[in-house]
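A.B. asks: mmCIF, C-alpha atoms, saved as data_32.cif, coming up:
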data_my_file
loop_
_atom_site.label_atom_id
_atom_site.label_comp_id
_atom_site.auth_asym_id
_atom_site.auth_seq_id
_atom_site.Cartn_x
_atom_site.Cartn_y
_atom_site.Cartn_z
CA MET V 195 -29.54 14.54 10.59
CA THR V 196 -29.32 18.05 9.13
CA PRO V 197 -29.03 18.70 5.38
CA GLU V 198 -25.40 19.69 5.90
CA GLN V 199 -24.65 16.45 7.75
CA LEU V 200 -26.35 14.49 4.98
CA ARG V 201 -24.20 16.28 2.42
CA LYS V 202 -21.03 15.34 4.29
CA LEU V 203 -22.18 11.73 4.59
CA SER V 204 -23.08 11.43 0.90
CA SER V 205 -19.71 12.84 -0.17
CA ALA V 206 -17.88 10.26 1.96
CA LEU V 207 -19.99 7.21 1.08
CA PRO V 208 -18.15 6.30 -2.16
CA PHE V 209 -15.07 5.61 -0.01
CA TRP V 210 -17.07 2.95 1.87
CA VAL V 211 -17.07 0.59 -1.13
CA SER V 212 -14.54 -1.52 0.76
CA LEU V 213 -17.45 -3.05 2.70
CA GLY V 214 -18.47 -4.80 -0.51
CA PHE V 215 -15.62 -7.24 0.05
CA VAL V 216 -17.04 -8.67 3.28
CA PRO V 217 -20.14 -10.51 2.02
CA LEU V 218 -18.23 -11.71 -1.04
CA VAL V 219 -15.50 -13.26 1.12
CA TRP V 220 -18.05 -15.08 3.26
CA LEU V 221 -20.08 -16.24 0.26
CA SER V 222 -16.92 -17.73 -1.22
CA ALA V 223 -16.44 -19.73 1.99
CA LEU V 224 -20.05 -20.91 2.10
CA TRP V 225 -20.26 -21.89 -1.56
CA GLY V 226 -16.72 -23.18 -2.12
CA GLY V 227 -15.37 -24.07 -5.55
CA TRP V 228 -14.45 -21.22 -7.84
CA TRP V 229 -16.55 -18.78 -5.84
CA PHE V 230 -13.33 -17.65 -4.16
CA MET V 231 -12.95 -15.49 -7.27
CA LEU V 232 -15.78 -13.23 -6.07
CA PRO V 233 -13.56 -10.95 -3.93
CA VAL V 234 -10.77 -11.26 -6.51
CA ALA V 235 -13.10 -10.05 -9.28
CA TYR V 236 -14.37 -7.25 -7.04
CA GLY V 237 -10.92 -5.93 -6.16
CA TRP V 238 -9.19 -6.45 -9.51
CA TRP V 239 -11.65 -6.29 -12.37
CA ALA V 240 -14.83 -4.59 -11.17
CA PHE V 241 -13.01 -1.37 -10.32
CA THR V 242 -11.03 -1.45 -13.54
CA LEU V 243 -14.36 -1.48 -15.37
CA LEU V 244 -15.78 1.18 -13.05
CA ASP V 245 -12.77 3.39 -13.75
CA PHE V 246 -13.75 3.43 -17.41
CA LEU V 247 -17.34 4.29 -16.48
CA THR V 248 -16.64 6.93 -13.84
CA GLY V 249 -13.66 8.51 -15.61
CA LEU V 250 -11.16 10.85 -13.98
CA ASP V 251 -11.69 13.01 -10.93
CA ALA V 252 -9.28 15.95 -11.02
CA GLU V 253 -11.19 18.08 -8.50
CA ASN V 254 -9.08 19.30 -5.59
CA PRO V 255 -10.70 19.79 -2.18
CA ASP V 256 -9.93 22.66 0.15
CA THR V 257 -6.96 21.51 2.23
CA GLU V 258 -8.12 23.63 5.18
CA ILE V 259 -11.30 21.62 5.84
CA PRO V 260 -11.34 21.06 9.63
CA LEU V 261 -10.92 17.55 11.02
CA ARG V 262 -14.45 17.48 12.45
CA ASP V 263 -15.86 17.74 8.93
CA LEU V 264 -13.98 14.61 7.88
CA PHE V 265 -15.78 12.34 10.36
CA TRP V 266 -17.52 10.12 7.80
CA TYR V 267 -14.33 9.74 5.79
CA ARG V 268 -12.26 8.77 8.82
CA LEU V 269 -14.88 6.43 10.26
CA ILE V 270 -14.42 3.72 7.65
CA THR V 271 -10.70 3.50 8.50
CA LEU V 272 -11.44 3.45 12.25
CA ILE V 273 -13.94 0.58 12.10
CA TRP V 274 -12.02 -1.56 9.61
CA PHE V 275 -9.80 -3.44 12.07
CA PRO V 276 -12.66 -5.21 13.90
CA ILE V 277 -14.21 -6.05 10.53
CA GLN V 278 -10.96 -7.48 9.23
CA PHE V 279 -10.18 -9.26 12.51
CA ALA V 280 -13.59 -10.95 12.57
CA SER V 281 -13.30 -11.94 8.90
CA ILE V 282 -9.81 -13.46 9.22
CA PHE V 283 -10.32 -15.43 12.40
CA GLY V 284 -13.95 -16.27 11.71
CA LEU V 285 -12.87 -17.87 8.45
CA VAL V 286 -9.89 -19.63 10.06
CA TRP V 287 -12.26 -21.19 12.60
CA TYR V 288 -14.93 -22.05 10.01
CA LEU V 289 -12.58 -23.52 7.41
CA ALA V 290 -10.45 -25.47 9.90
CA ALA V 291 -13.62 -27.35 10.87
CA GLY V 292 -13.42 -28.91 7.40
CA PRO V 293 -16.51 -27.85 5.38
CA LEU V 294 -14.43 -27.58 2.17
CA PRO V 295 -11.54 -29.52 0.60
CA TRP V 296 -8.12 -28.08 1.45
CA TRP V 297 -7.55 -26.55 -2.01
CA GLU V 298 -10.87 -24.72 -1.83
CA GLN V 299 -9.94 -23.43 1.62
CA ILE V 300 -6.70 -22.06 0.16
CA GLY V 301 -8.78 -20.33 -2.54
CA VAL V 302 -11.02 -18.73 0.08
CA MET V 303 -7.99 -17.40 1.96
CA PHE V 304 -6.53 -16.11 -1.30
CA GLY V 305 -9.71 -14.08 -1.82
CA LEU V 306 -9.56 -12.89 1.79
CA GLY V 307 -5.94 -11.83 1.22
CA VAL V 308 -7.09 -9.67 -1.67
CA MET V 309 -9.37 -7.87 0.78
CA THR V 310 -6.77 -7.52 3.54
CA GLY V 311 -4.16 -6.35 1.03
CA VAL V 312 -6.21 -4.01 -1.13
CA ILE V 313 -8.07 -2.53 1.85
CA GLY V 314 -6.48 -3.46 5.18
CA ILE V 315 -2.90 -2.44 4.43
CA VAL V 316 -4.04 0.68 2.56
CA TYR V 317 -6.06 1.75 5.60
CA ALA V 318 -3.10 0.95 7.85
CA HIS V 319 -0.99 3.21 5.64
CA GLU V 320 -3.46 6.06 6.15
CA LEU V 321 -3.65 5.50 9.91
CA MET V 322 0.10 5.22 10.53
CA HIS V 323 0.66 8.70 9.11
CA GLN V 324 -1.67 10.32 11.66
CA LYS V 325 -0.78 11.69 15.10
CA PRO V 326 -3.55 10.27 17.35
CA LYS V 327 -2.35 7.17 19.21
CA LEU V 328 -5.59 5.32 18.48
CA GLU V 329 -5.02 5.56 14.75
CA ARG V 330 -1.40 4.44 15.00
CA TRP V 331 -2.42 1.50 17.17
CA LEU V 332 -5.07 0.49 14.65
CA ALA V 333 -2.38 0.62 11.95
CA ASP V 334 -0.19 -1.69 14.03
CA LEU V 335 -3.06 -4.12 14.57
CA LEU V 336 -3.96 -4.20 10.89
CA LEU V 337 -0.35 -4.83 9.87
CA ALA V 338 0.09 -7.55 12.51
CA SER V 339 -2.97 -9.32 11.13
CA VAL V 340 -1.07 -9.80 7.84
CA LEU V 341 2.38 -10.43 9.44
CA TYR V 342 3.87 -7.25 7.96
CA SER V 343 4.40 -5.04 10.99
CA HIS V 344 7.83 -3.81 9.92
CA PHE V 345 6.13 -1.91 7.09
CA ARG V 346 5.28 0.92 9.48
CA SER V 347 8.92 1.58 10.38
CA GLU V 348 10.20 1.02 6.85
CA HIS V 349 7.58 3.29 5.33
CA LEU V 350 7.82 6.19 7.77
CA LEU V 351 11.56 6.19 8.43
CA VAL V 352 13.06 4.88 5.20
CA HIS V 353 10.68 5.16 2.26
CA HIS V 354 9.54 8.73 2.82
CA SER V 355 13.07 9.93 3.45
CA TYR V 356 14.80 8.13 0.59
CA VAL V 357 12.10 7.53 -2.03
CA ALA V 358 13.43 7.57 -5.61
CA THR V 359 17.03 7.08 -4.44
CA PRO V 360 19.24 3.95 -4.13
CA ARG V 361 18.68 3.93 -0.36
CA ASP V 362 14.97 3.12 -0.73
CA PRO V 363 14.36 -0.62 -1.16
CA VAL V 364 10.78 -0.15 -2.39
CA THR V 365 11.52 2.23 -5.24
CA ALA V 366 11.36 -0.07 -8.27
CA ARG V 367 14.35 0.37 -10.56
CA TYR V 368 13.93 1.10 -14.24
CA ASN V 369 13.50 -2.16 -16.19
CA GLU V 370 13.21 -4.21 -12.99
CA GLY V 371 10.55 -6.92 -13.16
CA PHE V 372 8.14 -7.43 -10.28
CA ILE V 373 9.38 -10.90 -9.34
CA ALA V 374 12.96 -9.63 -8.86
CA TYR V 375 11.62 -6.55 -7.07
CA PHE V 376 9.44 -8.61 -4.72
CA GLY V 377 12.31 -10.86 -3.71
CA ARG V 378 14.58 -7.87 -3.09
CA VAL V 379 11.95 -6.12 -0.96
CA LEU V 380 11.28 -9.20 1.18
CA ARG V 381 15.04 -9.53 1.73
CA ASP V 382 15.96 -5.88 2.31
CA CYS V 383 13.01 -4.14 3.98
CA PRO V 384 12.85 -5.85 7.41
CA PRO V 385 16.56 -5.24 8.18
CA SER V 386 16.32 -1.74 6.71
CA ALA V 387 13.38 -0.96 9.00
CA PHE V 388 15.18 -2.41 12.03
CA ARG V 389 18.34 -0.39 11.32
CA ALA V 390 16.26 2.79 11.05
CA GLU V 391 14.64 2.18 14.44
CA ALA V 392 17.99 1.25 16.01
CA ALA V 393 19.52 4.45 14.63
CA MET V 394 16.73 6.52 16.21
CA LEU V 395 17.32 4.85 19.56
CA ALA V 396 21.08 5.37 19.25
CA ARG V 397 20.54 9.11 18.77
CA LYS V 398 18.77 9.04 22.16
CA GLY V 399 21.63 7.11 23.72
CA LEU V 400 19.64 3.86 23.84
CA GLY V 401 20.40 0.40 22.51
CA TRP V 402 18.26 -1.48 20.00
CA TRP V 403 17.10 -3.79 22.79
CA HIS V 404 15.38 -0.93 24.64
CA ARG V 405 11.71 -1.56 25.34
CA SER V 406 10.72 1.48 23.25
CA ASN V 407 11.90 -0.27 20.08
CA PRO V 408 8.60 -0.92 18.23
CA PHE V 409 9.93 -4.24 16.97
CA TRP V 410 9.14 -5.71 20.40
CA ARG V 411 5.54 -4.62 19.89
CA TYR V 412 5.51 -5.91 16.33
CA GLY V 413 6.72 -9.32 17.48
CA ALA V 414 4.19 -9.52 20.32
CA LEU V 415 1.26 -8.55 18.10
CA GLN V 416 2.22 -10.92 15.28
CA GLY V 417 2.88 -13.72 17.78
CA GLY V 418 -0.55 -13.11 19.28
CA MET V 419 -2.20 -13.34 15.86
CA LEU V 420 -0.42 -16.61 15.09
CA ALA V 421 -1.33 -18.01 18.50
CA LEU V 422 -4.99 -17.15 17.96
CA ALA V 423 -4.96 -18.80 14.53
CA PHE V 424 -3.47 -21.93 16.15
CA ALA V 425 -6.05 -21.90 18.96
CA LEU V 426 -8.90 -21.69 16.44
CA GLY V 427 -7.62 -24.07 13.80
CA GLY V 428 -4.47 -25.83 14.93
CA ALA V 429 -1.51 -26.03 12.57
CA TRP V 430 -3.83 -25.86 9.57
CA GLY V 431 -5.31 -22.65 10.96
CA VAL V 432 -1.82 -21.15 11.01
CA VAL V 433 -1.32 -22.20 7.38
CA LEU V 434 -4.62 -20.56 6.37
CA PHE V 435 -3.69 -17.39 8.26
CA ALA V 436 -0.28 -17.32 6.57
CA VAL V 437 -1.83 -17.71 3.11
CA GLN V 438 -4.02 -14.63 3.48
CA SER V 439 -1.07 -12.73 4.97
CA PHE V 440 1.17 -13.55 2.02
CA VAL V 441 -1.48 -12.54 -0.51
CA ALA V 442 -2.03 -9.28 1.41
CA PHE V 443 1.59 -8.13 1.43
CA TRP V 444 2.07 -9.39 -2.12
CA HIS V 445 -0.68 -6.91 -3.06
CA LEU V 446 1.02 -4.18 -1.06
CA GLU V 447 4.29 -4.68 -2.88
CA LEU V 448 2.56 -4.78 -6.27
CA THR V 449 1.25 -1.33 -5.42
CA ASN V 450 4.63 -0.12 -4.14
CA TYR V 451 6.22 -1.40 -7.34
CA ILE V 452 3.96 0.77 -9.48
CA GLU V 453 4.01 3.93 -7.38
CA HIS V 454 7.60 4.96 -8.20
CA TYR V 455 8.61 2.62 -11.01
CA GLY V 456 11.69 3.99 -12.79
CA LEU V 457 11.54 7.43 -11.14
CA THR V 458 14.62 8.98 -9.52
CA ARG V 459 15.57 12.17 -7.74
CA ARG V 460 18.43 14.26 -9.09
CA TYR V 461 21.76 13.57 -7.41
CA LEU V 462 23.31 16.75 -5.94
CA GLY V 463 26.66 15.37 -4.82
CA ASP V 464 28.08 14.48 -1.40
CA GLY V 465 25.43 11.78 -0.94
CA ARG V 466 22.55 14.27 -1.26
CA TYR V 467 19.51 14.21 -3.54
CA GLU V 468 17.05 16.92 -4.42
CA PRO V 469 13.93 17.30 -2.22
CA VAL V 470 10.90 15.12 -2.96
CA ARG V 471 8.51 16.72 -5.42
CA PRO V 472 5.21 15.54 -6.96
CA HIS V 473 7.00 14.34 -10.09
CA HIS V 474 8.81 11.64 -8.10
CA SER V 475 5.62 9.55 -7.82
CA TRP V 476 3.17 8.30 -10.42
CA ASN V 477 -0.23 9.98 -10.13
CA ALA V 478 -3.62 8.50 -11.05
CA SER V 479 -6.92 10.37 -10.87
CA HIS V 480 -9.25 7.48 -11.74
CA ALA V 481 -12.36 8.00 -9.63
CA ALA V 482 -13.56 4.48 -8.80
CA SER V 483 -10.21 2.96 -7.86
CA ASN V 484 -9.46 6.03 -5.74
CA TRP V 485 -12.71 5.37 -3.87
CA LEU V 486 -11.60 1.78 -3.26
CA MET V 487 -8.08 2.72 -2.13
CA ILE V 488 -8.97 5.99 -0.37
CA ASN V 489 -7.06 8.24 -2.79
CA LEU V 490 -3.80 6.30 -2.52
CA GLN V 491 -3.38 6.89 -6.26
CA ARG V 492 -2.97 10.59 -5.57
CA HIS V 493 0.45 9.44 -4.50
CA SER V 494 2.33 12.44 -5.83
CA ASP V 495 0.60 14.64 -3.27
CA HIS V 496 0.97 12.08 -0.50
CA HIS V 497 4.76 12.20 -0.81
CA PHE V 498 4.70 15.98 -1.13
CA LYS V 499 2.55 16.31 2.03
CA PRO V 500 2.76 12.97 3.90
CA ASP V 501 0.53 13.97 6.83
CA ARG V 502 -2.36 15.16 4.64
CA ARG V 503 -5.44 13.03 5.25
CA PHE V 504 -6.79 11.09 2.30
CA PRO V 505 -9.94 13.18 1.62
CA LEU V 506 -7.76 16.28 1.21
CA LEU V 507 -5.10 14.86 -1.12
CA GLN V 508 -4.62 16.94 -4.24
CA ASN V 509 -4.50 15.82 -7.84
CA HIS V 510 -1.42 16.95 -9.79
CA ASP V 511 -1.74 17.24 -13.56
CA GLU V 512 0.76 16.13 -16.20
CA SER V 513 2.73 19.36 -15.91
CA ALA V 514 3.61 18.54 -12.30
CA ALA V 515 3.59 14.73 -12.06
CA PRO V 516 3.72 11.70 -14.36
CA GLN V 517 0.30 10.19 -15.00
CA LEU V 518 -0.66 6.51 -14.96
CA PRO V 519 -2.94 5.53 -17.84
CA PHE V 520 -5.02 3.20 -15.64
CA GLY V 521 -5.76 2.79 -11.97
CA TYR V 522 -3.85 0.44 -9.68
CA PRO V 523 -6.18 -2.58 -10.14
CA ALA V 524 -5.40 -2.73 -13.86
CA LEU V 525 -1.70 -1.94 -13.56
CA THR V 526 -1.03 -4.40 -10.73
CA THR V 527 -2.50 -7.10 -12.95
CA LEU V 528 -0.20 -5.99 -15.78
CA ALA V 529 2.79 -5.94 -13.41
CA MET V 530 2.44 -9.69 -12.94
CA CYS V 531 3.61 -10.07 -16.53
CA PRO V 532 6.96 -8.19 -16.39
CA PRO V 533 7.70 -8.16 -20.16
CA LEU V 534 4.33 -6.57 -20.92
CA PHE V 535 4.65 -4.13 -18.02
CA ARG V 536 8.11 -3.01 -19.13
CA ARG V 537 6.98 -2.67 -22.73
CA TYR V 538 4.12 -0.46 -21.58
CA MET V 539 5.79 1.59 -18.84
CA ASN V 540 9.41 2.03 -19.97
CA PRO V 541 8.49 4.50 -22.75
CA LYS V 542 6.54 6.49 -20.16
CA VAL V 543 9.60 6.61 -17.89
CA ARG V 544 11.69 7.87 -20.79
CA ASP V 545 9.07 10.54 -21.52
CA TRP V 546 9.24 11.54 -17.83
CA ARG V 547 13.01 11.92 -18.07
CA ARG V 548 12.77 14.16 -21.11
CA GLN V 549 10.09 16.29 -19.47
CA PHE V 550 11.59 16.81 -16.01
CA TYR V 551 15.34 16.27 -16.58
CA PRO V 552 16.14 17.27 -20.17
CA ASP V 553 19.73 18.12 -19.17
CA ILE V 554 20.59 14.56 -18.07
CA THR V 555 21.80 12.64 -21.10
CA ASP V 556 23.34 9.57 -19.47
CA TRP V 557 20.97 7.70 -17.15
CA SER V 558 23.10 4.59 -16.65
CA ASP V 559 23.95 5.16 -12.99
CA TYR V 560 20.41 6.24 -12.17
CA THR V 561 19.01 3.26 -14.04
CA HIS V 562 21.03 0.77 -12.02
CA HIS V 563 20.89 2.74 -8.75
CA ARG V 564 24.60 2.33 -8.20
CA THR V 565 26.28 3.67 -5.11
CA PRO V 566 28.80 5.97 -6.88
CA PRO V 567 27.56 9.45 -7.80
CA PRO V 568 25.62 9.36 -11.07
CA LYS V 569 26.95 11.06 -14.15
CA ASN V 570 25.75 14.60 -14.86
CA ALA V 571 25.87 15.31 -11.11
CA PRO V 572 27.35 18.59 -9.89
#
Before anything else, please render the file you have as structure tokens.
C.D. replies:
Amino acid sequence: MTPEQLRKLSSALPFWVSLGFVPLVWLSALWGGWWFMLPVAYGWWAFTLLDFLTGLDAENPDTEIPLRDLFWYRLITLIWFPIQFASIFGLVWYLAAGPLPWWEQIGVMFGLGVMTGVIGIVYAHELMHQKPKLERWLADLLLASVLYSHFRSEHLLVHHSYVATPRDPVTARYNEGFIAYFGRVLRDCPPSAFRAEAAMLARKGLGWWHRSNPFWRYGALQGGMLALAFALGGAWGVVLFAVQSFVAFWHLELTNYIEHYGLTRRYLGDGRYEPVRPHHSWNASHAASNWLMINLQRHSDHHFKPDRRFPLLQNHDESAAPQLPFGYPALTTLAMCPPLFRRYMNPKVRDWRRQFYPDITDWSDYTHHRTPPPKNAP
């Protein structure tokens, strides 16, 4: 390996910290008891501590770096599905054989769900935004392994088009607690995603039942995952698989909740909103948690340039985007206590309003995301 290749490898290696989850998940299954907290502590608390030690990383890479120079960055996302697949179904098979009491098995799958949520869905998010079919297929497989396949359609067709408007189910409203948000998302997102795909087919003169509707693929992949869990562990294997799936998409929605909490785009009239800008997403430049979540916290740039690969995402400072005081691991923990989260974040939302929309004096319609045009609209 040449010195230049070694340099590229060393710069990408911090983003491989996700592999640390794998031995911890298996140790929790072998040791039982409270050891299921090993992956939980790794994903939630270790990187919160590391954020304090590593500080902020505001450096912006050259966005014109060619794809071939991103090999070591991309590789971790390309190999993750077989790692996750082996971990999920290996544990379903091992635990269903009965080495641990049922409540300890649930704990192990909770810890596994932290891994598949913090890493698996985040990697699927990166892969679904890319053009190569292999990467999009890997995204579909990762999402099927946590029973959340509709996320691809909802995210690409709904969220990115309507973020920070009433039409986006996963934009958390100002003063909305996570529990209410989570229930609303579980209720609204699958039908919203299906309607978006049906509308695309209708524009081509096709019905929703056409074979090109990805929901057929989603159903087949998720059905295959459930069937495999049943083959390996019977009905209890399906329960274990469902537990890790629920924990995984619970983590996803905790992250979604934070990313746009209380932020709105200006209403322009006639059902139109201003274009998406960096200040419509919360930005976080904490180094360690960005290694863990492959720069997902540079979310302001992701929405500004959705097809930009994660190593090239830019950091936007406080003049261009609102800044989170901590990384996602700390704030998702805080979000589970809605009164504390609102007490901490609501003043920051109000500061954001004064900074970016000083002319809007009445936020009542924006706050409640009502259908009628908000006040102060043209």
A.B. asks: What's around segment 233-238 of chain V at 10 Å? Count all atoms listed in the file, leave out sequence neighbours fewer than 4 positions away in its own chain, and write the answer as a PyMOL selection string.
C.D. replies: chain V and resi 212+214-222+229+242-243+302+304-309+311-313+483+486-487+522-527
A.B. asks: Using all atoms listed in the file, can you tell me which of V:Thr458, V:Ser339, V:Ser204, V:Asn369 comes closest to Ala436 of chain V?
C.D. replies: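 Among the listed residues, V:Ser339 lies closest to Ala436 of chain V.
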A.B. asks: Might you spell out which residues the PyMOL selection byres ((chain V and resi 498-507) around 7) would select in the displayed file, as an MDAnalysis selection string?
C.D. replies: chainID V and resid 255:257 267 323:324 470:472 488:489 492 494:497 508:509
A.B. asks: What's around segment 400-413 of chain V at 12 Å? Count all atoms listed in the file, leave out sequence neighbours fewer than 5 positions away in its own chain, and write the answer as a PyMOL selection string.
C.D. replies: chain V and resi 330-331+333-348+384-385+387-395+418-421
A.B. asks: Please produce an output containing C-alpha atoms for each residue in the selection, written as a PDB file, in the frame of the given file.
C.D. replies:
ATOM      1  CA  ARG V 330      -1.400   4.440  15.000  1.00  0.00           C
ATOM      2  CA  TRP V 331      -2.420   1.500  17.170  1.00  0.00           C
ATOM      3  CA  ALA V 333      -2.380   0.620  11.950  1.00  0.00           C
ATOM      4  CA  ASP V 334      -0.190  -1.690  14.030  1.00  0.00           C
ATOM      5  CA  LEU V 335      -3.060  -4.120  14.570  1.00  0.00           C
ATOM      6  CA  LEU V 336      -3.960  -4.200  10.890  1.00  0.00           C
ATOM      7  CA  LEU V 337      -0.350  -4.830   9.870  1.00  0.00           C
ATOM      8  CA  ALA V 338       0.090  -7.550  12.510  1.00  0.00           C
ATOM      9  CA  SER V 339      -2.970  -9.320  11.130  1.00  0.00           C
ATOM     10  CA  VAL V 340      -1.070  -9.800   7.840  1.00  0.00           C
ATOM     11  CA  LEU V 341       2.380 -10.430   9.440  1.00  0.00           C
ATOM     12  CA  TYR V 342       3.870  -7.250   7.960  1.00  0.00           C
ATOM     13  CA  SER V 343       4.400  -5.040  10.990  1.00  0.00           C
ATOM     14  CA  HIS V 344       7.830  -3.810   9.920  1.00  0.00           C
ATOM     15  CA  PHE V 345       6.130  -1.910   7.090  1.00  0.00           C
ATOM     16  CA  ARG V 346       5.280   0.920   9.480  1.00  0.00           C
ATOM     17  CA  SER V 347       8.920   1.580  10.380  1.00  0.00           C
ATOM     18  CA  GLU V 348      10.200   1.020   6.850  1.00  0.00           C
ATOM     19  CA  PRO V 384      12.850  -5.850   7.410  1.00  0.00           C
ATOM     20  CA  PRO V 385      16.560  -5.240   8.180  1.00  0.00           C
ATOM     21  CA  ALA V 387      13.380  -0.960   9.000  1.00  0.00           C
ATOM     22  CA  PHE V 388      15.180  -2.410  12.030  1.00  0.00           C
ATOM     23  CA  ARG V 389      18.340  -0.390  11.320  1.00  0.00           C
ATOM     24  CA  ALA V 390      16.260   2.790  11.050  1.00  0.00           C
ATOM     25  CA  GLU V 391      14.640   2.180  14.440  1.00  0.00           C
ATOM     26  CA  ALA V 392      17.990   1.250  16.010  1.00  0.00           C
ATOM     27  CA  ALA V 393      19.520   4.450  14.630  1.00  0.00           C
ATOM     28  CA  MET V 394      16.730   6.520  16.210  1.00  0.00           C
ATOM     29  CA  LEU V 395      17.320   4.850  19.560  1.00  0.00           C
ATOM     30  CA  GLY V 418      -0.550 -13.110  19.280  1.00  0.00           C
ATOM     31  CA  MET V 419      -2.200 -13.340  15.860  1.00  0.00           C
ATOM     32  CA  LEU V 420      -0.420 -16.610  15.090  1.00  0.00           C
ATOM     33  CA  ALA V 421      -1.330 -18.010  18.500  1.00  0.00           C
TER      34      ALA V 421
END
A.B. asks: Would you pick out the contacts of Ala481 of chain V at 9 Å or less, using all atoms listed in the file, so that residues sharing its chain but fewer than 5 positions from it are not included, and give the list as a list in words?
C.D. replies: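 Using all atoms listed in the file, the neighbours found are Leu244, Asp245, Thr248, Gly249, Leu250, Asp251, Ala252, Leu486, Asn489 and Gly521 of chain V.
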A.B. asks: What's the separation between atom CA of Asp464 of chain V and atom CA of Asp545 of chain V, in Å to one decimal place?
C.D. replies: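 Straight-line distance from atom CA of Asp464 of chain V to atom CA of Asp545 of chain V works out to 28.0 Å.
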A.B. asks: So which one's closest to Gln491 of chain V, V:Pro469, V:Pro295, V:Gly371, V:Pro519? Using all atoms listed in the file, please.
C.D. replies: V:Pro519
A.B. asks: If we draw a sphere of 8 Å around (11.0, 10.4, -5.6), which residues have at least one atom in it when counting all atoms listed in the file? Please report them as a list in words.
C.D. replies: Tyr356, Val357, Ala358, Thr359, His454, Leu457, Thr458, Arg459, Val470, Arg471, Pro472, His473, His474 and Ser475 of chain V
A.B. asks: Which residue gives the smallest distance to Val352 of chain V among V:Asp382, V:Asp511, V:Glu198, V:Glu298, with all atoms listed in the file counted?
C.D. replies: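 Selected residue with least distance to Val352 of chain V: V:Asp382.
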A.B. asks: Restricting the calculation to all atoms listed in the file: of V:Tyr467, V:Ala318, V:Trp476, V:Leu264, which residue gets closest to Ala206 of chain V?
C.D. replies: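 Residue with the minimum atom-to-atom distance to Ala206 of chain V: V:Leu264.
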A.B. asks: Neighbouring residues of Trp266 of chain V were defined as those with any atom within 8 Å, considering only C-alpha atoms; residues of the same chain fewer than 6 positions away were excluded. Please report them as a PDB file with C-alpha atoms, in the frame of the given file.
C.D. replies:
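Saved to around-v9.pdb:
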ATOM      1  CA  LYS V 202     -21.030  15.340   4.290  1.00  0.00           C
ATOM      2  CA  LEU V 203     -22.180  11.730   4.590  1.00  0.00           C
ATOM      3  CA  ALA V 206     -17.880  10.260   1.960  1.00  0.00           C
ATOM      4  CA  LEU V 207     -19.990   7.210   1.080  1.00  0.00           C
TER       5      LEU V 207
END
A.B. asks: Name the residues in contact with Gly284 of chain V at a cut-off of 9 Å, using only C-alpha atoms, excluding same-chain residues fewer than 5 positions from it; report them as a ChimeraX atom specification.
C.D. replies: /V:279,289,426
A.B. asks: What is the atom CA of Met303 of chain V-atom CA of Val437 of chain V distance in Å, reported with one decimal?
C.D. replies: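 A separation of 6.3 Å between them.
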A.B. asks: Atom CA of Trp225 of chain V and atom CA of Gly427 of chain V are how many Å apart?
C.D. replies: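 So the answer is 20.0 Å.
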A.B. asks: From the options V:Met539, V:Ala478, V:Leu200, V:Ala425, which residue's atoms come nearest to Leu490 of chain V, counting only C-alpha atoms?
C.D. replies: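 Closest to Leu490 of chain V, using only C-alpha atoms: V:Ala478.
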A.B. asks: List every protein, DNA or RNA residue that has at least one atom no more than 7 Å from (3.6, -11.5, -5.8) in the file's coordinates, counting only C-alpha atoms, and write the result as a PyMOL selection string.
C.D. replies: chain V and resi 373+376+444-445+448
A.B. asks: For the structure provided, state which residues fall under the PyMOL selection byres ((chain V and resi 269) around 12), and present them as a compact mmCIF listing (two decimals) with C-alpha atoms, keeping the file's coordinate frame.
C.D. replies:
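This is the output file selection.txt:
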# COMPACT_ATOMS: atom_id res chain seq x y z
CA LEU V 203 -22.18 11.73 4.59
CA ALA V 206 -17.88 10.26 1.96
CA LEU V 207 -19.99 7.21 1.08
CA PHE V 209 -15.07 5.61 -0.01
CA TRP V 210 -17.07 2.95 1.87
CA LEU V 261 -10.92 17.55 11.02
CA ARG V 262 -14.45 17.48 12.45
CA ASP V 263 -15.86 17.74 8.93
CA LEU V 264 -13.98 14.61 7.88
CA PHE V 265 -15.78 12.34 10.36
CA TRP V 266 -17.52 10.12 7.80
CA TYR V 267 -14.33 9.74 5.79
CA ARG V 268 -12.26 8.77 8.82
CA ILE V 270 -14.42 3.72 7.65
CA THR V 271 -10.70 3.50 8.50
CA LEU V 272 -11.44 3.45 12.25
CA ILE V 273 -13.94 0.58 12.10
CA TRP V 274 -12.02 -1.56 9.61
CA PHE V 275 -9.80 -3.44 12.07
CA TYR V 317 -6.06 1.75 5.60
CA LEU V 321 -3.65 5.50 9.91
CA GLU V 329 -5.02 5.56 14.75
A.B. asks: Which of these, V:Asp553, V:Asp559, V:Glu447, V:Glu468, has the shortest distance to Ala529 of chain V once you count all atoms listed in the file?
C.D. replies: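 Ranked by minimum distance to Ala529 of chain V, first place goes to V:Glu447.
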